[in-house]
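One structure below.
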Amino acid sequence: MADSRSELLNRPVPDDLAVLARGEGVDPRQAWLSAETDLNLAGGYDQVFLLVEDERLVTVARPCERWPNAVRINLSRTAVKEVRTRQGVGGGFLEVLVDGVYVEVLAFSNARADLFHKVCSKLKLWIGDRKPSVSREDDYNPRKCPKCGMTLEFKGDLCRRCINRGAVLSRIIRLMGPYAGWGILMLAILLASIGLLMIPPQLTKHLIDDVIEPAVKGTLTTDRAARDLMVLVVALIGILILRAICDSVNGRLSSYVGTQITTDMREAVLARLMRLSVDYYDRHSVGQLTSRAVNDTGAFNDLIRNVTGGYLAQILVVVITGVMLFSISWKLALWTLLPAPLVILASTFYWRRVYPRYFRVWDAWSRLWSSLSSILSGVRVVKAFGQEQREEDRFGRSNRYVRDSARRVEYATSLFNPAMGLIFSLGGPIVWYVGGLEVINNALLGNHEGLKLGGLMAFMAYLGMFYGPLAHMTTLTDWLTRLLTAAQRTFEVLDTSPQIVQADSAKTLTSPQGSIRFENVTFGYSRHEPVIKGVSFEVKPGEHIGVVGKSGSGKTTLINLLARFYDVDEGRVLIDGIDVRDLEMGDLRKTVGVVLQEPFLFRGTIYANVTYGRRDATPEEVLGASKASHAHKFIMRHSLGYDTYIGEQGAGLSGGEKQRISIARALLYNPKILILDEATSNIDTESEQLIQEALARMTAGRTTIAIAHRLSTLKNSDRVLVVDKGLIVEQGSHEELMALGGLYHRLVKIQTELSREPSVDALTILKK
Ligand code: ADP
Ligand code: MG
């Protein structure tokens, strides 16, 4: 039981403070939630605890001049009507609504913002009479590895340190299955190439022992020696050429296979990303997914290329030259193993002292990466608030962290690698001495079978080949880890199954009528926090519905459920009497057209953007839709008209212009159910009315749901739904709701009062 407690939400209160609190009637052991903050309400550093019991909420801290008691705030659950966090500079406040005013409960620094957002959501449940659970799960921070605490590049990313290397490697090998034939061919060519590499030292041996030495001693005629030399030269050149051919062919093969696998993986990743539902994109940033689809898939190519040209080739060279060393002289080979214990010692040093330093480097890179991507994606806000210097400083800190951690590794390796090199090359002098003596002895004793000068020379050549790659092997683990992490990231995308899938026996909807019904729908983006709470309503075919409510009340969420971007937790959403979960996806998309709250335009021409949903539209249709959405006029103001090229996310257009283009796009799509989510919020009142009129014309016989920004535009609606805190609190016509004198009435009053201010909107009305 004890280890299921949350470290953050069950903070133990220090003994001295607990004693003081108990003295004032608060027992910290009674609290189901206990959170610690580092600021007091005056903004000074202080250790303050928020304790929440079943029926009350208190804060306790050590007494001081300003707060002479340990218990600083004491509120009963029933007194608290609402909870919220408010972000200030450098930190925020947790506030509760008591007697109609928000009072500050505690202050927190930015470092604890996540914690108190979580506390806030728990408290919301608590005042709603549903005591939430607090457990270890609440400590989960998606930016850190849950196992080792290392910073991750992205929320919920993989941890390089904790990745199961064996499992990933075996999966990669299985993935290469279809390429097994190519793999065997490459391996064969690689072995041939290494075999050829082994021949030149043998030729050297032959050159010295069988040609030069006998010729010098006079046991071989000069003519014969010259002829033999010629043969050796031709053989050597032949071997060099063959090797070059082998390497070139293998390079080609590995490039062919490697790029093919990478291309296949990239396509597979994108196909999967396209099938994943919207909720996946709530959890993963665009930067992260882009990097997975583009960079991480490259790991497969990298791996294949290294098989033929890099690490695998080097490992094979080490093994084969080892065999050659023993075949020339096993006694000498054993001598070269003399420094082996030192190698083991050095390796232990490496694994204990050097390798762990890489963790810091990875951690540092992840921080740099995420700090940079957050700065760049928010660059407009940075500039608008003049925070360039602060961001530079923040980036500078992560950048220096990268520098320092990289130095730590590189200082260590720059000591370690030469040391390893030294240890390995100690074999050389030993061979000189022992081998030299043996060659001399064999010559003096006339032992013709034993090691001769040529053999020794060949041995030394193999020894060079043997040690060369060994010195580079220290970078192998870093490379392999990076590669396996990248591969696993792509696997992770491929392994994610879409939350929203088409039912097996999906129903088709060929001629939709456009009726909508919500039956007791409950839904929340996270499991324990419903955003829509048991909503029911019905829309008849062709009805024009307006939806109003404060921001955050759940209007867009209703639309998300209707368009089945998310599935309901409870209840049903029906279109023409069919549960949207049973509808064929394609038919659902054709029936429901949405103009999103944030209009999105693709890079390309205006024409391509308007026809995005219907490539086959005729120019007349495009013109009709653009005119109805009042986009035509401003489009024609550009010299290229509909061929005007617009940049990333509609750069070069105003908010209102983007909205008009996206309305034209939806009209052209011609859905039976048209949804406009605050689609005219960036458009001035006059144009908005014109658009509404055009829509009324175009939307005749079409079910329309318009989430309205300005309530004045709702006068044309057949019916208005008023949403508040995930519930539909009122519905009826504009007149009925005004007469009711409820929330709608209040919202309208606020808006008319606001528009009495001499705003630009108001002026355009006056002019008319
Ligand atoms: P509205 O459109 O009425 O302004 P929304 O339906 O967008 O309100 O949001 C309702 C609530 O759901 C808000 O509290 C918001 O913070 C939350 N919410 C909206 N979208 C998401 C999401 N993708 N993930 C988690 N919470 C969300
Ligand atoms: Mg919204």
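Letters for chains follow the order of the structure tokens (A, B, ...), residue numbers begin at 1 for each chain, and ligand numbers begin at 1 in the order shown.
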*All residues within 9 Å of ligand 1 are required, counting only C-alpha atoms and all ligand atoms; please report them as a ChimeraX atom specification.*
/A:278-279,281-283,524-526,530-532,548-560,597,677-678,707,723-726
*From a DSSP calculation on the backbone, collect every residue of segment 90-335 of chain A in helix (DSSP H, G or I) and output the set as number ranges by chain.*
A: 110-127, 136-139, 165-175, 177-217, 222-275, 278-283, 286-296, 298-309, 311-328, 330-335
*Please identify all polymer residues within 9 Å of segment 602-609 of chain A, counting only C-alpha atoms, omitting same-chain residues fewer than 2 positions from it, and present them as a ChimeraX atom specification.*
/A:600,611-613,615,622,635,641-651,661-662,665
*asked:* Between atom CA of Gly534 of chain A and atom CA of Asn520 of chain A, what distance in Å does the model show, to one decimal?
replied: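 So the answer is 4.3 Å.
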_Could you check the closest approach to Ala167 of chain A for each of A:Leu338, A:Ala487, A:Ile673, A:Val722 and tell me which residue wins, using only C-alpha atoms?_
A:Ala487
*Just the strand (DSSP E or B) stuff from segment 323-543 of chain A, please, per backbone DSSP, written as a PyMOL selection string.*
chain A and resi 507+516-523+526+529+532-539
Using N, CA and C atoms, can you write the selected residues to a file as a JSON list (two decimals), in the first residue's frame?
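Result went into result_2.json, see below:
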[["chain", "number", "residue", "atom", "x", "y", "z"],
["A", 507, "LYS", "N", -22.33, 0.65, -41.42],
["A", 507, "LYS", "CA", -23.51, 0.91, -42.26],
["A", 507, "LYS", "C", -23.21, 2.04, -43.22],
["A", 516, "ILE", "N", -29.86, 14.75, -36.42],
["A", 516, "ILE", "CA", -28.81, 14.50, -35.43],
["A", 516, "ILE", "C", -29.46, 14.24, -34.10],
["A", 517, "ARG", "N", -28.93, 13.28, -33.35],
["A", 517, "ARG", "CA", -29.44, 13.09, -32.01],
["A", 517, "ARG", "C", -28.31, 12.74, -31.05],
["A", 518, "PHE", "N", -28.22, 13.48, -29.96],
["A", 518, "PHE", "CA", -27.29, 13.15, -28.89],
["A", 518, "PHE", "C", -28.12, 12.50, -27.78],
["A", 519, "GLU", "N", -27.72, 11.31, -27.35],
["A", 519, "GLU", "CA", -28.46, 10.62, -26.28],
["A", 519, "GLU", "C", -27.57, 10.47, -25.08],
["A", 520, "ASN", "N", -27.80, 11.25, -24.04],
["A", 520, "ASN", "CA", -27.09, 11.08, -22.78],
["A", 520, "ASN", "C", -25.58, 10.98, -22.94],
["A", 521, "VAL", "N", -25.03, 11.88, -23.73],
["A", 521, "VAL", "CA", -23.62, 11.76, -24.08],
["A", 521, "VAL", "C", -22.72, 12.31, -22.97],
["A", 522, "THR", "N", -21.76, 11.47, -22.56],
["A", 522, "THR", "CA", -20.75, 11.91, -21.60],
["A", 522, "THR", "C", -19.39, 11.66, -22.22],
["A", 523, "PHE", "N", -18.53, 12.63, -22.09],
["A", 523, "PHE", "CA", -17.21, 12.49, -22.70],
["A", 523, "PHE", "C", -16.20, 13.39, -21.99],
["A", 526, "SER", "N", -9.62, 13.36, -20.84],
["A", 526, "SER", "CA", -8.94, 12.39, -20.00],
["A", 526, "SER", "C", -10.01, 11.67, -19.19],
["A", 529, "GLU", "N", -12.14, 13.21, -16.14],
["A", 529, "GLU", "CA", -12.65, 14.57, -16.16],
["A", 529, "GLU", "C", -13.62, 14.78, -17.29],
["A", 532, "ILE", "N", -18.17, 16.87, -21.31],
["A", 532, "ILE", "CA", -19.60, 16.84, -21.67],
["A", 532, "ILE", "C", -20.27, 15.88, -20.70],
["A", 533, "LYS", "N", -21.32, 16.36, -20.06],
["A", 533, "LYS", "CA", -21.89, 15.56, -18.96],
["A", 533, "LYS", "C", -23.34, 15.20, -19.22],
["A", 534, "GLY", "N", -23.57, 14.08, -19.86],
["A", 534, "GLY", "CA", -24.93, 13.59, -20.04],
["A", 534, "GLY", "C", -25.80, 14.51, -20.88],
["A", 535, "VAL", "N", -25.31, 14.85, -22.06],
["A", 535, "VAL", "CA", -26.05, 15.80, -22.91],
["A", 535, "VAL", "C", -26.99, 15.06, -23.86],
["A", 536, "SER", "N", -28.23, 15.55, -23.98],
["A", 536, "SER", "CA", -29.17, 15.01, -24.97],
["A", 536, "SER", "C", -29.80, 16.17, -25.72],
["A", 537, "PHE", "N", -29.88, 16.04, -27.02],
["A", 537, "PHE", "CA", -30.67, 16.99, -27.81],
["A", 537, "PHE", "C", -30.90, 16.40, -29.19],
["A", 538, "GLU", "N", -31.80, 17.03, -29.91],
["A", 538, "GLU", "CA", -32.16, 16.48, -31.22],
["A", 538, "GLU", "C", -32.20, 17.63, -32.22],
["A", 539, "VAL", "N", -31.76, 17.35, -33.45],
["A", 539, "VAL", "CA", -31.82, 18.35, -34.51],
["A", 539, "VAL", "C", -32.52, 17.71, -35.68]]
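For the choices A:Glu388, A:Glu53, A:Glu730, A:Asp15, the atom-to-atom distance to Val547 of chain A is smallest for A:Glu730 when using only C-alpha atoms.
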*asked:* What's around Ala419 of chain A at 12 Å? Count only C-alpha atoms, leave out sequence neighbours fewer than 4 positions away in its own chain, and write the answer as a list of chain:residue names.
replied: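 Close residues of Ala419 of chain A: A:Leu342, A:Val343, A:Leu345, A:Ala346, A:Ser347, A:Phe349, A:Tyr350, A:Ala412, A:Thr413, A:Ser414, A:Leu415, A:Ile423, A:Phe424, A:Ser425, A:Leu426, A:Ala471, A:Thr474.
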*Which neighbours of Thr496 of chain A fall inside 10 Å, counting only C-alpha atoms, when residues of the same chain fewer than 3 positions from it are skipped, and could you give them as a PyMOL selection string?*
chain A and resi 272-273+275-276+280+491-493+499
Restricting the output to N, CA and C atoms, write the selected residues as a compact mmCIF listing (two decimals), in the first residue's frame.
# COMPACT_ATOMS: atom_id res chain seq x y z
N ARG A 272 0.39 5.00 -41.20
CA ARG A 272 -0.14 4.80 -39.85
C ARG A 272 -0.56 6.14 -39.24
N LEU A 273 0.28 7.16 -39.44
CA LEU A 273 -0.06 8.48 -38.88
C LEU A 273 -1.38 8.99 -39.46
N ARG A 275 -3.85 7.18 -40.34
CA ARG A 275 -4.97 6.40 -39.80
C ARG A 275 -5.23 6.68 -38.33
N LEU A 276 -4.23 7.23 -37.63
CA LEU A 276 -4.41 7.46 -36.19
C LEU A 276 -5.42 8.59 -35.96
N TYR A 280 -4.38 11.07 -30.80
CA TYR A 280 -2.95 10.80 -30.86
C TYR A 280 -2.18 12.12 -31.05
N PHE A 491 9.00 2.06 -34.68
CA PHE A 491 8.16 0.91 -34.34
C PHE A 491 6.98 1.35 -33.49
N GLU A 492 7.26 2.30 -32.58
CA GLU A 492 6.21 2.73 -31.67
C GLU A 492 5.03 3.34 -32.44
N VAL A 493 5.36 4.13 -33.46
CA VAL A 493 4.28 4.70 -34.27
C VAL A 493 3.52 3.56 -34.94
N GLN A 499 -7.53 4.83 -32.11
CA GLN A 499 -8.61 4.71 -31.13
C GLN A 499 -9.95 4.64 -31.84
*Mind pulling up the distance from atom CA of Ile199 of chain A to atom CA of Arg227 of chain A?*
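Pair atom CA of Arg227 of chain A / atom CA of Ile199 of chain A returns 19.6 Å.
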*asked:* One number please: atom CA of Phe49 of chain A to atom CA of Arg11 of chain A, in Å, one decimal.
replied: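 Between atom CA of Phe49 of chain A and atom CA of Arg11 of chain A the gap works out to 8.4 Å.
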*For Met457 of chain A, please output as a ChimeraX atom specification all residues within 7 Å (counting only C-alpha atoms; exclusion window: fewer than 4 positions along the same chain).*
/A:205,453,461
Kindly save the residues from that selection, with C-alpha atoms included, as a compact mmCIF listing (two decimals), in the first residue's frame.
# COMPACT_ATOMS: atom_id res chain seq x y z
CA LYS A 205 55.70 -13.56 -46.64
CA LEU A 453 61.53 -13.20 -41.62
CA ALA A 461 50.83 -6.69 -40.92
*Name the residues in contact with segment 732-743 of chain A at a cut-off of 10 Å, using only C-alpha atoms, excluding same-chain residues fewer than 5 positions from it; report them as an MDAnalysis selection string.*
chainID A and resid 545:546 548:550 711:712 714:724 748:749
Emit the selected residues as a PDB file, in the first residue's frame, including N, CA, C and O atoms.
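Wrote result.pdb, looks like this:
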ATOM      1  N   ILE A 545     -29.297  25.476 -36.305  1.00  0.00           N
ATOM      2  CA  ILE A 545     -29.117  25.516 -34.864  1.00  0.00           C
ATOM      3  C   ILE A 545     -27.958  26.448 -34.526  1.00  0.00           C
ATOM      4  O   ILE A 545     -26.907  26.408 -35.171  1.00  0.00           O
ATOM      5  N   GLY A 546     -28.171  27.273 -33.546  1.00  0.00           N
ATOM      6  CA  GLY A 546     -27.077  28.084 -33.042  1.00  0.00           C
ATOM      7  C   GLY A 546     -26.638  27.514 -31.708  1.00  0.00           C
ATOM      8  O   GLY A 546     -27.455  27.001 -30.951  1.00  0.00           O
ATOM      9  N   VAL A 548     -24.398  28.518 -28.260  1.00  0.00           N
ATOM     10  CA  VAL A 548     -23.645  29.563 -27.565  1.00  0.00           C
ATOM     11  C   VAL A 548     -23.197  29.048 -26.208  1.00  0.00           C
ATOM     12  O   VAL A 548     -23.716  28.058 -25.690  1.00  0.00           O
ATOM     13  N   GLY A 549     -22.265  29.723 -25.646  1.00  0.00           N
ATOM     14  CA  GLY A 549     -21.746  29.351 -24.334  1.00  0.00           C
ATOM     15  C   GLY A 549     -20.406  30.012 -24.146  1.00  0.00           C
ATOM     16  O   GLY A 549     -19.770  30.441 -25.109  1.00  0.00           O
ATOM     17  N   LYS A 550     -20.000  30.097 -22.881  1.00  0.00           N
ATOM     18  CA  LYS A 550     -18.713  30.716 -22.604  1.00  0.00           C
ATOM     19  C   LYS A 550     -17.604  29.874 -23.203  1.00  0.00           C
ATOM     20  O   LYS A 550     -17.810  28.698 -23.494  1.00  0.00           O
ATOM     21  N   LEU A 711     -23.645  36.982 -30.765  1.00  0.00           N
ATOM     22  CA  LEU A 711     -24.991  36.454 -30.579  1.00  0.00           C
ATOM     23  C   LEU A 711     -25.980  37.101 -31.542  1.00  0.00           C
ATOM     24  O   LEU A 711     -27.010  36.531 -31.868  1.00  0.00           O
ATOM     25  N   SER A 712     -25.637  38.306 -32.028  1.00  0.00           N
ATOM     26  CA  SER A 712     -26.548  38.989 -32.943  1.00  0.00           C
ATOM     27  C   SER A 712     -26.824  38.137 -34.172  1.00  0.00           C
ATOM     28  O   SER A 712     -27.897  38.210 -34.755  1.00  0.00           O
ATOM     29  N   LEU A 714     -27.362  35.114 -34.323  1.00  0.00           N
ATOM     30  CA  LEU A 714     -28.168  33.934 -34.051  1.00  0.00           C
ATOM     31  C   LEU A 714     -29.644  34.173 -34.322  1.00  0.00           C
ATOM     32  O   LEU A 714     -30.459  33.267 -34.205  1.00  0.00           O
ATOM     33  N   LYS A 715     -29.977  35.396 -34.683  1.00  0.00           N
ATOM     34  CA  LYS A 715     -31.392  35.710 -34.870  1.00  0.00           C
ATOM     35  C   LYS A 715     -32.008  34.864 -35.980  1.00  0.00           C
ATOM     36  O   LYS A 715     -33.201  34.602 -35.974  1.00  0.00           O
ATOM     37  N   ASN A 716     -31.144  34.453 -36.944  1.00  0.00           N
ATOM     38  CA  ASN A 716     -31.672  33.643 -38.044  1.00  0.00           C
ATOM     39  C   ASN A 716     -31.855  32.181 -37.675  1.00  0.00           C
ATOM     40  O   ASN A 716     -32.400  31.410 -38.447  1.00  0.00           O
ATOM     41  N   SER A 717     -31.325  31.771 -36.515  1.00  0.00           N
ATOM     42  CA  SER A 717     -31.380  30.356 -36.178  1.00  0.00           C
ATOM     43  C   SER A 717     -32.790  29.947 -35.782  1.00  0.00           C
ATOM     44  O   SER A 717     -33.521  30.701 -35.158  1.00  0.00           O
ATOM     45  N   ASP A 718     -33.128  28.706 -36.156  1.00  0.00           N
ATOM     46  CA  ASP A 718     -34.422  28.178 -35.737  1.00  0.00           C
ATOM     47  C   ASP A 718     -34.432  27.965 -34.231  1.00  0.00           C
ATOM     48  O   ASP A 718     -35.448  28.110 -33.575  1.00  0.00           O
ATOM     49  N   ARG A 719     -33.280  27.581 -33.720  1.00  0.00           N
ATOM     50  CA  ARG A 719     -33.214  27.221 -32.326  1.00  0.00           C
ATOM     51  C   ARG A 719     -31.791  27.480 -31.818  1.00  0.00           C
ATOM     52  O   ARG A 719     -30.840  27.364 -32.578  1.00  0.00           O
ATOM     53  N   VAL A 720     -31.683  27.833 -30.567  1.00  0.00           N
ATOM     54  CA  VAL A 720     -30.371  28.090 -29.987  1.00  0.00           C
ATOM     55  C   VAL A 720     -30.164  27.152 -28.804  1.00  0.00           C
ATOM     56  O   VAL A 720     -31.068  26.980 -27.977  1.00  0.00           O
ATOM     57  N   LEU A 721     -29.010  26.511 -28.755  1.00  0.00           N
ATOM     58  CA  LEU A 721     -28.652  25.696 -27.596  1.00  0.00           C
ATOM     59  C   LEU A 721     -27.663  26.481 -26.762  1.00  0.00           C
ATOM     60  O   LEU A 721     -26.688  27.018 -27.301  1.00  0.00           O
ATOM     61  N   VAL A 722     -27.875  26.550 -25.469  1.00  0.00           N
ATOM     62  CA  VAL A 722     -26.956  27.263 -24.595  1.00  0.00           C
ATOM     63  C   VAL A 722     -26.170  26.226 -23.787  1.00  0.00           C
ATOM     64  O   VAL A 722     -26.763  25.433 -23.050  1.00  0.00           O
ATOM     65  N   VAL A 723     -24.879  26.230 -23.965  1.00  0.00           N
ATOM     66  CA  VAL A 723     -24.026  25.246 -23.302  1.00  0.00           C
ATOM     67  C   VAL A 723     -23.311  25.909 -22.136  1.00  0.00           C
ATOM     68  O   VAL A 723     -22.822  27.034 -22.259  1.00  0.00           O
ATOM     69  N   ASP A 724     -23.293  25.204 -21.006  1.00  0.00           N
ATOM     70  CA  ASP A 724     -22.531  25.727 -19.877  1.00  0.00           C
ATOM     71  C   ASP A 724     -21.935  24.561 -19.096  1.00  0.00           C
ATOM     72  O   ASP A 724     -22.661  23.647 -18.698  1.00  0.00           O
ATOM     73  N   VAL A 748     -26.315  37.917 -23.862  1.00  0.00           N
ATOM     74  CA  VAL A 748     -26.693  38.929 -24.847  1.00  0.00           C
ATOM     75  C   VAL A 748     -26.541  40.321 -24.252  1.00  0.00           C
ATOM     76  O   VAL A 748     -26.025  41.234 -24.887  1.00  0.00           O
ATOM     77  N   LYS A 749     -26.951  40.454 -22.994  1.00  0.00           N
ATOM     78  CA  LYS A 749     -26.858  41.767 -22.364  1.00  0.00           C
ATOM     79  C   LYS A 749     -25.406  42.232 -22.294  1.00  0.00           C
ATOM     80  O   LYS A 749     -25.101  43.377 -22.617  1.00  0.00           O
TER      81      LYS A 749
END
*asked:* Under the rule that only C-alpha atoms are counted, which of A:Asp296, A:Glu657, A:Asp129, A:Glu598 is the nearest residue to Glu55 of chain A?
replied: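 Result for the nearest residue to Glu55 of chain A: A:Asp129.
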